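Chemist: So here's target-v2.cif, just mmCIF, C-alpha atoms, pLDDT in the B column; chains and numbers go by the auth columns:
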```cif
data_query
loop_
_atom_site.group_PDB
_atom_site.id
_atom_site.type_symbol
_atom_site.label_atom_id
_atom_site.label_comp_id
_atom_site.label_asym_id
_atom_site.label_seq_id
_atom_site.Cartn_x
_atom_site.Cartn_y
_atom_site.Cartn_z
_atom_site.B_iso_or_equiv
_atom_site.auth_seq_id
_atom_site.auth_asym_id
ATOM 1 C CA MET A 1 -12.354 4.981 -19.185 47.00 1 A
ATOM 2 C CA SER A 2 -15.425 5.157 -16.954 46.00 2 A
ATOM 3 C CA LEU A 3 -15.296 5.068 -13.177 44.00 3 A
ATOM 4 C CA ILE A 4 -17.393 1.882 -13.154 40.00 4 A
ATOM 5 C CA VAL A 5 -14.873 0.093 -15.377 41.00 5 A
ATOM 6 C CA ARG A 6 -12.008 1.259 -13.182 46.00 6 A
ATOM 7 C CA MET A 7 -13.752 0.007 -10.068 45.00 7 A
ATOM 8 C CA ALA A 8 -14.351 -3.360 -11.728 41.00 8 A
ATOM 9 C CA ARG A 9 -10.603 -3.870 -11.803 46.00 9 A
ATOM 10 C CA LEU A 10 -10.430 -3.737 -8.020 48.00 10 A
ATOM 11 C CA PRO A 11 -10.742 -6.814 -5.787 51.00 11 A
ATOM 12 C CA LEU A 12 -14.338 -7.389 -4.707 51.00 12 A
ATOM 13 C CA ARG A 13 -13.976 -6.126 -1.152 50.00 13 A
ATOM 14 C CA TRP A 14 -12.259 -2.908 -2.224 50.00 14 A
ATOM 15 C CA ALA A 15 -14.702 -2.332 -5.094 50.00 15 A
ATOM 16 C CA ALA A 16 -17.580 -2.713 -2.636 50.00 16 A
ATOM 17 C CA LEU A 17 -15.972 -0.240 -0.231 50.00 17 A
ATOM 18 C CA ALA A 18 -15.386 2.229 -3.050 51.00 18 A
ATOM 19 C CA GLY A 19 -18.961 1.785 -4.261 52.00 19 A
ATOM 20 C CA ILE A 20 -20.385 2.575 -0.831 47.00 20 A
ATOM 21 C CA ALA A 21 -18.303 5.724 -0.579 47.00 21 A
ATOM 22 C CA LEU A 22 -19.236 6.845 -4.091 47.00 22 A
ATOM 23 C CA ALA A 23 -22.910 6.370 -3.314 47.00 23 A
ATOM 24 C CA ALA A 24 -22.475 8.431 -0.173 42.00 24 A
ATOM 25 C CA THR A 25 -20.745 11.256 -2.004 43.00 25 A
ATOM 26 C CA GLY A 26 -23.385 11.200 -4.735 46.00 26 A
ATOM 27 C CA CYS A 27 -26.318 11.405 -2.316 40.00 27 A
ATOM 28 C CA ALA A 28 -24.910 13.720 0.332 40.00 28 A
ATOM 29 C CA SER A 29 -23.214 17.063 0.354 40.00 29 A
ATOM 30 C CA LEU A 30 -19.467 17.368 0.834 46.00 30 A
ATOM 31 C CA GLY A 31 -20.056 18.860 4.256 51.00 31 A
ATOM 32 C CA ASN A 32 -21.392 15.564 5.568 86.00 32 A
ATOM 33 C CA HIS A 33 -17.840 14.187 5.700 92.00 33 A
ATOM 34 C CA PRO A 34 -15.382 15.584 8.235 95.00 34 A
ATOM 35 C CA PRO A 35 -12.044 16.832 6.917 95.00 35 A
ATOM 36 C CA ALA A 36 -9.247 14.287 6.928 94.00 36 A
ATOM 37 C CA PRO A 37 -7.039 14.469 10.041 91.00 37 A
ATOM 38 C CA GLN A 38 -3.844 16.456 9.644 88.00 38 A
ATOM 39 C CA ASP A 39 -1.959 14.355 12.176 79.00 39 A
ATOM 40 C CA VAL A 40 -1.314 10.598 12.273 66.00 40 A
ATOM 41 C CA SER A 41 2.032 11.007 14.025 60.00 41 A
ATOM 42 C CA ASN A 42 1.308 8.112 16.379 63.00 42 A
ATOM 43 C CA LEU A 43 1.580 5.690 13.475 68.00 43 A
ATOM 44 C CA GLU A 44 4.819 3.705 13.481 77.00 44 A
ATOM 45 C CA HIS A 45 4.842 1.617 10.353 83.00 45 A
ATOM 46 C CA ARG A 46 7.025 -1.459 9.997 89.00 46 A
ATOM 47 C CA TYR A 47 7.303 -2.826 6.506 93.00 47 A
ATOM 48 C CA LYS A 48 5.836 -6.258 5.878 95.00 48 A
ATOM 49 C CA ILE A 49 6.843 -8.335 2.889 97.00 49 A
ATOM 50 C CA GLY A 50 4.221 -8.656 0.167 96.00 50 A
ATOM 51 C CA ALA A 51 3.616 -10.844 -2.852 95.00 51 A
ATOM 52 C CA LEU A 52 5.925 -10.008 -5.796 95.00 52 A
ATOM 53 C CA ASP A 53 8.524 -8.346 -3.550 97.00 53 A
ATOM 54 C CA THR A 54 12.102 -9.187 -4.498 97.00 54 A
ATOM 55 C CA LEU A 55 14.177 -10.572 -1.641 98.00 55 A
ATOM 56 C CA ASN A 56 17.943 -10.807 -1.421 98.00 56 A
ATOM 57 C CA ILE A 57 18.667 -13.645 1.047 98.00 57 A
ATOM 58 C CA GLN A 58 22.240 -13.648 2.348 98.00 58 A
ATOM 59 C CA VAL A 59 23.550 -16.559 4.393 98.00 59 A
ATOM 60 C CA TRP A 60 26.768 -15.610 6.184 97.00 60 A
ATOM 61 C CA ARG A 61 29.770 -17.722 5.132 96.00 61 A
ATOM 62 C CA ASN A 62 27.541 -19.810 2.866 97.00 62 A
ATOM 63 C CA PRO A 63 27.351 -17.997 -0.483 97.00 63 A
ATOM 64 C CA GLU A 64 26.041 -21.134 -2.181 97.00 64 A
ATOM 65 C CA LEU A 65 22.913 -20.849 -0.013 97.00 65 A
ATOM 66 C CA SER A 66 22.433 -17.139 -0.682 98.00 66 A
ATOM 67 C CA SER A 67 19.966 -16.188 -3.406 97.00 67 A
ATOM 68 C CA THR A 68 17.666 -13.551 -4.838 97.00 68 A
ATOM 69 C CA VAL A 69 14.032 -14.636 -5.021 97.00 69 A
ATOM 70 C CA THR A 70 10.650 -13.133 -5.846 97.00 70 A
ATOM 71 C CA VAL A 71 7.775 -13.731 -3.470 97.00 71 A
ATOM 72 C CA ARG A 72 5.190 -15.768 -5.345 97.00 72 A
ATOM 73 C CA PRO A 73 1.549 -14.623 -5.651 96.00 73 A
ATOM 74 C CA ASP A 74 0.690 -17.164 -2.926 96.00 74 A
ATOM 75 C CA GLY A 75 3.050 -15.324 -0.559 97.00 75 A
ATOM 76 C CA ARG A 76 5.662 -18.104 -0.387 98.00 76 A
ATOM 77 C CA ILE A 77 9.299 -18.371 -1.421 98.00 77 A
ATOM 78 C CA SER A 78 11.754 -21.133 -2.193 97.00 78 A
ATOM 79 C CA SER A 79 15.534 -20.862 -1.868 96.00 79 A
ATOM 80 C CA PRO A 80 18.395 -23.374 -1.575 96.00 80 A
ATOM 81 C CA LEU A 81 17.466 -25.971 1.099 96.00 81 A
ATOM 82 C CA VAL A 82 14.294 -24.002 1.933 96.00 82 A
ATOM 83 C CA GLU A 83 11.036 -24.767 0.145 93.00 83 A
ATOM 84 C CA ASP A 84 7.596 -23.160 0.324 95.00 84 A
ATOM 85 C CA LEU A 85 8.275 -20.856 3.237 97.00 85 A
ATOM 86 C CA ILE A 86 5.629 -18.199 3.917 98.00 86 A
ATOM 87 C CA ALA A 87 7.160 -14.742 3.419 98.00 87 A
ATOM 88 C CA ALA A 88 4.190 -12.413 2.890 97.00 88 A
ATOM 89 C CA GLY A 89 3.022 -10.647 6.016 96.00 89 A
ATOM 90 C CA ARG A 90 6.357 -11.005 7.798 97.00 90 A
ATOM 91 C CA SER A 91 9.005 -8.382 8.373 96.00 91 A
ATOM 92 C CA PRO A 92 12.423 -9.027 6.780 97.00 92 A
ATOM 93 C CA ALA A 93 13.863 -9.817 10.235 97.00 93 A
ATOM 94 C CA GLU A 94 11.064 -12.273 11.009 98.00 94 A
ATOM 95 C CA LEU A 95 11.582 -14.047 7.701 98.00 95 A
ATOM 96 C CA ALA A 96 15.346 -14.193 8.305 98.00 96 A
ATOM 97 C CA ARG A 97 14.743 -15.985 11.617 98.00 97 A
ATOM 98 C CA GLU A 98 12.413 -18.489 9.916 98.00 98 A
ATOM 99 C CA ILE A 99 15.027 -19.217 7.244 98.00 99 A
ATOM 100 C CA GLU A 100 17.631 -19.720 9.963 98.00 100 A
ATOM 101 C CA LYS A 101 15.386 -22.319 11.616 97.00 101 A
ATOM 102 C CA ALA A 102 14.971 -24.147 8.318 97.00 102 A
ATOM 103 C CA LEU A 103 18.708 -24.069 7.526 98.00 103 A
ATOM 104 C CA ALA A 104 19.664 -25.206 11.038 97.00 104 A
ATOM 105 C CA LYS A 105 18.723 -28.737 9.945 96.00 105 A
ATOM 106 C CA PHE A 106 21.599 -28.677 7.444 96.00 106 A
ATOM 107 C CA ILE A 107 24.278 -26.244 8.715 96.00 107 A
ATOM 108 C CA ARG A 108 25.463 -25.151 12.143 96.00 108 A
ATOM 109 C CA ASP A 109 24.363 -21.750 13.511 97.00 109 A
ATOM 110 C CA PRO A 110 23.198 -20.158 10.252 98.00 110 A
ATOM 111 C CA VAL A 111 23.097 -16.361 10.164 98.00 111 A
ATOM 112 C CA VAL A 112 20.671 -14.945 7.605 98.00 112 A
ATOM 113 C CA THR A 113 19.939 -11.408 6.424 98.00 113 A
ATOM 114 C CA VAL A 114 16.951 -10.580 4.213 98.00 114 A
ATOM 115 C CA LEU A 115 17.020 -7.409 2.109 97.00 115 A
ATOM 116 C CA VAL A 116 13.927 -6.243 0.235 96.00 116 A
ATOM 117 C CA SER A 117 13.763 -4.527 -3.145 89.00 117 A
ATOM 118 C CA GLY A 118 11.022 -4.075 -5.726 86.00 118 A
ATOM 119 C CA PHE A 119 8.612 -3.132 -2.959 90.00 119 A
ATOM 120 C CA GLN A 120 4.940 -4.060 -3.274 90.00 120 A
ATOM 121 C CA GLY A 121 4.031 -4.534 0.373 92.00 121 A
ATOM 122 C CA VAL A 122 1.213 -6.405 1.997 93.00 122 A
ATOM 123 C CA TYR A 123 -1.924 -6.203 -0.104 90.00 123 A
ATOM 124 C CA SER A 124 -4.111 -4.900 2.723 92.00 124 A
ATOM 125 C CA GLU A 125 -1.700 -2.010 3.401 94.00 125 A
ATOM 126 C CA GLN A 126 -1.544 -0.640 -0.137 96.00 126 A
ATOM 127 C CA ILE A 127 -3.090 2.748 -0.902 97.00 127 A
ATOM 128 C CA ARG A 128 -5.724 2.610 -3.653 97.00 128 A
ATOM 129 C CA ILE A 129 -6.689 5.487 -5.924 98.00 129 A
ATOM 130 C CA VAL A 130 -9.912 5.068 -7.923 97.00 130 A
ATOM 131 C CA GLY A 131 -12.061 7.329 -10.040 97.00 131 A
ATOM 132 C CA GLU A 132 -10.909 10.419 -11.909 98.00 132 A
ATOM 133 C CA ALA A 133 -7.170 10.076 -11.407 98.00 133 A
ATOM 134 C CA THR A 134 -4.941 10.020 -14.465 98.00 134 A
ATOM 135 C CA ARG A 135 -3.633 6.570 -13.508 98.00 135 A
ATOM 136 C CA PRO A 136 -5.909 4.815 -10.976 98.00 136 A
ATOM 137 C CA GLN A 137 -3.794 2.235 -9.188 97.00 137 A
ATOM 138 C CA ALA A 138 -2.649 0.682 -5.925 96.00 138 A
ATOM 139 C CA VAL A 139 0.642 1.942 -4.479 96.00 139 A
ATOM 140 C CA PRO A 140 2.738 0.592 -1.596 95.00 140 A
ATOM 141 C CA TYR A 141 2.454 2.537 1.643 94.00 141 A
ATOM 142 C CA ARG A 142 5.570 4.382 2.805 92.00 142 A
ATOM 143 C CA GLN A 143 6.298 5.907 6.190 89.00 143 A
ATOM 144 C CA ASP A 144 4.992 9.503 6.433 91.00 144 A
ATOM 145 C CA MET A 145 3.186 9.214 3.079 95.00 145 A
ATOM 146 C CA THR A 146 0.680 11.953 2.227 96.00 146 A
ATOM 147 C CA VAL A 147 -2.177 12.464 -0.232 98.00 147 A
ATOM 148 C CA LEU A 148 0.205 14.553 -2.367 98.00 148 A
ATOM 149 C CA ASP A 149 2.638 11.616 -2.644 98.00 149 A
ATOM 150 C CA VAL A 150 -0.223 9.337 -3.652 98.00 150 A
ATOM 151 C CA MET A 151 -1.553 11.715 -6.298 98.00 151 A
ATOM 152 C CA ILE A 152 1.888 12.274 -7.806 97.00 152 A
ATOM 153 C CA GLN A 153 2.121 8.530 -8.393 97.00 153 A
ATOM 154 C CA ALA A 154 -1.397 8.539 -9.824 98.00 154 A
ATOM 155 C CA GLY A 155 -0.483 11.323 -12.251 98.00 155 A
ATOM 156 C CA GLY A 156 -2.852 13.920 -10.796 98.00 156 A
ATOM 157 C CA LEU A 157 -6.489 14.572 -11.692 98.00 157 A
ATOM 158 C CA THR A 158 -8.266 14.169 -15.008 97.00 158 A
ATOM 159 C CA ASP A 159 -10.010 17.124 -16.659 96.00 159 A
ATOM 160 C CA PHE A 160 -13.342 15.722 -15.491 96.00 160 A
ATOM 161 C CA ALA A 161 -12.455 15.268 -11.822 98.00 161 A
ATOM 162 C CA ASP A 162 -14.322 16.864 -8.949 97.00 162 A
ATOM 163 C CA GLY A 163 -11.122 17.166 -6.958 97.00 163 A
ATOM 164 C CA ASN A 164 -12.636 18.941 -3.977 97.00 164 A
ATOM 165 C CA GLY A 165 -15.384 16.325 -3.841 96.00 165 A
ATOM 166 C CA ALA A 166 -12.854 13.547 -3.258 98.00 166 A
ATOM 167 C CA VAL A 167 -13.224 11.173 -0.335 98.00 167 A
ATOM 168 C CA LEU A 168 -10.614 9.365 1.726 98.00 168 A
ATOM 169 C CA VAL A 169 -11.906 6.017 3.026 97.00 169 A
ATOM 170 C CA ARG A 170 -9.861 4.910 6.034 97.00 170 A
ATOM 171 C CA GLY A 171 -9.765 1.119 6.228 91.00 171 A
ATOM 172 C CA ALA A 172 -7.992 1.222 9.598 91.00 172 A
ATOM 173 C CA GLU A 173 -11.083 2.970 11.025 94.00 173 A
ATOM 174 C CA GLY A 174 -13.665 0.584 9.637 94.00 174 A
ATOM 175 C CA GLY A 175 -14.234 2.509 6.397 95.00 175 A
ATOM 176 C CA LYS A 176 -14.757 5.957 7.943 97.00 176 A
ATOM 177 C CA GLN A 177 -14.950 8.640 5.252 97.00 177 A
ATOM 178 C CA TYR A 178 -13.202 12.008 5.185 98.00 178 A
ATOM 179 C CA ARG A 179 -13.307 14.804 2.649 97.00 179 A
ATOM 180 C CA ILE A 180 -10.077 15.857 0.946 98.00 180 A
ATOM 181 C CA ARG A 181 -9.490 18.936 -1.213 98.00 181 A
ATOM 182 C CA LEU A 182 -7.462 17.563 -4.105 98.00 182 A
ATOM 183 C CA LYS A 183 -8.274 20.442 -6.465 97.00 183 A
ATOM 184 C CA ASP A 184 -7.048 22.997 -3.941 98.00 184 A
ATOM 185 C CA LEU A 185 -3.926 20.941 -3.355 98.00 185 A
ATOM 186 C CA LEU A 186 -3.007 20.062 -6.943 98.00 186 A
ATOM 187 C CA LYS A 187 -4.455 22.917 -9.000 96.00 187 A
ATOM 188 C CA ARG A 188 -4.122 25.827 -6.583 97.00 188 A
ATOM 189 C CA GLY A 189 -1.047 24.798 -4.623 97.00 189 A
ATOM 190 C CA ASP A 190 -2.805 25.014 -1.261 98.00 190 A
ATOM 191 C CA ILE A 191 -0.447 22.890 0.845 96.00 191 A
ATOM 192 C CA SER A 192 -2.861 23.068 3.786 96.00 192 A
ATOM 193 C CA ALA A 193 -4.994 20.582 1.829 97.00 193 A
ATOM 194 C CA ASN A 194 -2.249 17.967 2.049 97.00 194 A
ATOM 195 C CA VAL A 195 -2.994 15.290 4.666 97.00 195 A
ATOM 196 C CA PRO A 196 -1.267 12.081 5.766 96.00 196 A
ATOM 197 C CA VAL A 197 -2.509 8.707 4.571 96.00 197 A
ATOM 198 C CA ARG A 198 -2.476 5.423 6.458 95.00 198 A
ATOM 199 C CA PRO A 199 -1.999 1.834 5.287 95.00 199 A
ATOM 200 C CA GLY A 200 -5.137 0.524 3.606 96.00 200 A
ATOM 201 C CA ASP A 201 -6.605 3.939 2.702 97.00 201 A
ATOM 202 C CA VAL A 202 -8.705 4.353 -0.449 98.00 202 A
ATOM 203 C CA VAL A 203 -8.816 7.685 -2.310 98.00 203 A
ATOM 204 C CA ILE A 204 -12.029 8.061 -4.338 98.00 204 A
ATOM 205 C CA ILE A 205 -12.241 10.881 -6.881 98.00 205 A
ATOM 206 C CA PRO A 206 -15.708 11.455 -8.352 97.00 206 A
ATOM 207 C CA GLN A 207 -16.524 12.950 -11.719 96.00 207 A
ATOM 208 C CA SER A 208 -17.640 16.542 -11.847 92.00 208 A
ATOM 209 C CA TRP A 209 -21.273 16.968 -12.894 82.00 209 A
ATOM 210 C CA PHE A 210 -20.654 20.351 -14.520 68.00 210 A
#
```
Show me this structure written as structure tokens.

Modeler:
Amino acid sequence: MSLIVRMARLPLRWAALAGIALAATGCASLGNHPPAPQDVSNLEHRYKIGALDTLNIQVWRNPELSSTVTVRPDGRISSPLVEDLIAAGRSPAELAREIEKALAKFIRDPVVTVLVSGFQGVYSEQIRIVGEATRPQAVPYRQDMTVLDVMIQAGGLTDFADGNGAVLVRGAEGGKQYRIRLKDLLKRGDISANVPVRPGDVVIIPQSWF
């Protein structure tokens, strides 16, 4: 499957971002991009509920109001006595407080706990891998996630990948581009090439020209 076809599967804004980075890597040498930072230790990530997450809503002493629901593509949920409540973009604790407010109209002092499974995460915080990965895809961000974690989920590099020509596009820094040495990391076992990723990063792997 060609890189252009893979990019076409991305949402417009991410495809445009990937296209800009690919153009930059095609027209400039690898040295024009600084190496990706080895330290993002100041990042404290709190999970936000995303569309298609599965939520287990437990209402203390009211099992008939407890339920397991899937967040709809529009980011909303419905549960007993609660309809069309926005879940996406909120933390589980924030959503639990909103459900308590809704249930307070029907029961006294509701206590709600929201547990998340089937993680997808907020769309804007997913890590996207495009280009010459075995399985280009978007993956949920996890605390302390690295490029190695991302590439394991993507199945590694294809035979045609220019792994050391890969670019990390950092959405949290306005699309700033960094070079990453995926071939050294995955093919040669050079762990020094492993770098942290941040929510919203895009990993772009070009095709080797020879």

Chemist: Any chance you could tabulate, as CSV, the residues of region 108-168 of chain A at most 9 Å from region 183-200 of chain A with each one's nearest atom pair and distance in Å to one decimal, using all atoms listed in the file, in chain and rising number order?

Modeler:
```
residue,atom,partner,partner_atom,distance
A:Tyr123,CA,A:Gly200,CA,8.3
A:Ser124,CA,A:Gly200,CA,5.6
A:Glu125,CA,A:Gly200,CA,4.3
A:Gln126,CA,A:Gly200,CA,5.3
A:Ile127,CA,A:Gly200,CA,5.4
A:Arg128,CA,A:Gly200,CA,7.6
A:Pro140,CA,A:Pro199,CA,8.4
A:Tyr141,CA,A:Pro199,CA,5.8
A:Arg142,CA,A:Pro199,CA,8.4
A:Gln143,CA,A:Arg198,CA,8.8
A:Asp144,CA,A:Pro196,CA,6.8
A:Met145,CA,A:Val197,CA,5.9
A:Thr146,CA,A:Pro196,CA,4.0
A:Val147,CA,A:Val195,CA,5.7
A:Leu148,CA,A:Asn194,CA,6.1
A:Val150,CA,A:Val197,CA,8.6
A:Met151,CA,A:Leu186,CA,8.5
A:Gly156,CA,A:Leu186,CA,7.3
A:Leu157,CA,A:Leu186,CA,8.1
A:Ala161,CA,A:Lys183,CA,8.5
A:Asp162,CA,A:Lys183,CA,7.5
A:Gly163,CA,A:Lys183,CA,4.4
A:Asn164,CA,A:Lys183,CA,5.2
A:Gly165,CA,A:Lys183,CA,8.6
A:Ala166,CA,A:Lys183,CA,8.9
A:Leu168,CA,A:Val197,CA,8.6
```

Chemist: Skipping near chain neighbours, those fewer than 4 positions away, what residues fall within 8 Å of Ala87 (chain A) using only C-alpha atoms, listed as JSON, numbers by chain?

Modeler: {"A": [49, 50, 71, 75, 76, 77, 95]}

Chemist: Those same residues - C-alpha atoms - I'd like them written as a compact mmCIF listing (two decimals), in the coordinates of the input.

Modeler:
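Everything below was put into selection.txt:
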```txt
# COMPACT_ATOMS: atom_id res chain seq x y z
CA ILE A 49 6.84 -8.34 2.89
CA GLY A 50 4.22 -8.66 0.17
CA VAL A 71 7.78 -13.73 -3.47
CA GLY A 75 3.05 -15.32 -0.56
CA ARG A 76 5.66 -18.10 -0.39
CA ILE A 77 9.30 -18.37 -1.42
CA LEU A 95 11.58 -14.05 7.70
```

Chemist: Any idea what the distance is between CA of Asp74 (chain A) and CA of Tyr47 (chain A)?

Modeler: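 Value for the CA of Asp74 (chain A)-CA of Tyr47 (chain A) distance: 18.4 Å.
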
Chemist: Considering only C-alpha atoms, can you say which of A:Asn56, A:Asn32, A:Gln38, A:Thr158 comes closest to Ala133 (chain A)?

Modeler: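 Among A:Asn56, A:Asn32, A:Gln38, A:Thr158, it is A:Thr158 that comes nearest to Ala133 (chain A).
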
Chemist: Kindly give the distance, in Å, that separates CA of Pro37 (chain A) and CA of Ile205 (chain A), rounded to a single decimal.

Modeler: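 Pair CA of Pro37 (chain A) / CA of Ile205 (chain A) returns 18.1 Å.
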
Chemist: To test your reading of the syntax: which residues would the PyMOL selection byres ((chain A and resi 174) around 12) return for the file shown? Reply as a list in words.

Modeler: Leu17, Val169, Arg170, Gly171, Ala172, Glu173, Gly175, Lys176, Gln177, Gly200, Asp201 and Val202 of chain A

Chemist: Which residues come within 10 Å of Ser79 (chain A), counting all atoms listed in the file, excluding same-chain residues fewer than 3 positions away, as a VMD selection string?

Modeler: chain A and resid 57 65 to 70 82 to 85 99

Chemist: Between CA of Ala36 (chain A) and CA of Ile204 (chain A), measure the distance and give it in Å to one decimal.

Modeler: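 Spanning CA of Ala36 (chain A) to CA of Ile204 (chain A) is a straight-line distance of 13.2 Å.
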
Chemist: Given all atoms listed in the file as the basis, pick out the residue of A:Phe119, A:Ile86, A:Glu132, A:Asn62 nearest to Phe106 (chain A).

Modeler: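 Of A:Phe119, A:Ile86, A:Glu132, A:Asn62, the one nearest Phe106 (chain A) is A:Asn62, counting all atoms listed in the file.
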
Chemist: Please return the centre and edge lengths, in Å to one decimal, of a box with edges along x, y and z that contains all listed atoms of region 130-138 of chain A, widened by 6 Å on every side, as AutoDock Vina command-line options.

Modeler:
```
--center_x -7.4 --center_y 5.6 --center_z -10.2 --size_x 21.4 --size_y 21.7 --size_z 20.5
```

Chemist: Find the residues near region 109-116 of chain A: any atom within 7 Å, counting only C-alpha atoms, skip ones fewer than 3 places away on the same chain, and give them as a PyMOL selection string.

Modeler: chain A and resi 53-60+92-93+96+100+103-104+119

Chemist: Go ahead and write the residues just picked, C-alpha atoms, as a PDB file, in the frame of the given file.

Modeler:
```
ATOM      1  CA  ASP A  53       8.524  -8.346  -3.550  1.00 97.00           C
ATOM      2  CA  THR A  54      12.102  -9.187  -4.498  1.00 97.00           C
ATOM      3  CA  LEU A  55      14.177 -10.572  -1.641  1.00 98.00           C
ATOM      4  CA  ASN A  56      17.943 -10.807  -1.421  1.00 98.00           C
ATOM      5  CA  ILE A  57      18.667 -13.645   1.047  1.00 98.00           C
ATOM      6  CA  GLN A  58      22.240 -13.648   2.348  1.00 98.00           C
ATOM      7  CA  VAL A  59      23.550 -16.559   4.393  1.00 98.00           C
ATOM      8  CA  TRP A  60      26.768 -15.610   6.184  1.00 97.00           C
ATOM      9  CA  PRO A  92      12.423  -9.027   6.780  1.00 97.00           C
ATOM     10  CA  ALA A  93      13.863  -9.817  10.235  1.00 97.00           C
ATOM     11  CA  ALA A  96      15.346 -14.193   8.305  1.00 98.00           C
ATOM     12  CA  GLU A 100      17.631 -19.720   9.963  1.00 98.00           C
ATOM     13  CA  LEU A 103      18.708 -24.069   7.526  1.00 98.00           C
ATOM     14  CA  ALA A 104      19.664 -25.206  11.038  1.00 97.00           C
ATOM     15  CA  PHE A 119       8.612  -3.132  -2.959  1.00 90.00           C
TER      16      PHE A 119
END
```

Chemist: Translate the PyMOL selection byres ((chain A and resi 33) around 6) into a concrete residue list for this structure, as a CSV table (one decimal) with C-alpha atoms, keeping the file's coordinate frame.

Modeler:
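See selection-v6.csv below for the written result:
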```csv
chain,number,residue,atom,x,y,z
A,31,GLY,CA,-20.1,18.9,4.3
A,32,ASN,CA,-21.4,15.6,5.6
A,34,PRO,CA,-15.4,15.6,8.2
A,178,TYR,CA,-13.2,12.0,5.2
A,179,ARG,CA,-13.3,14.8,2.6
```
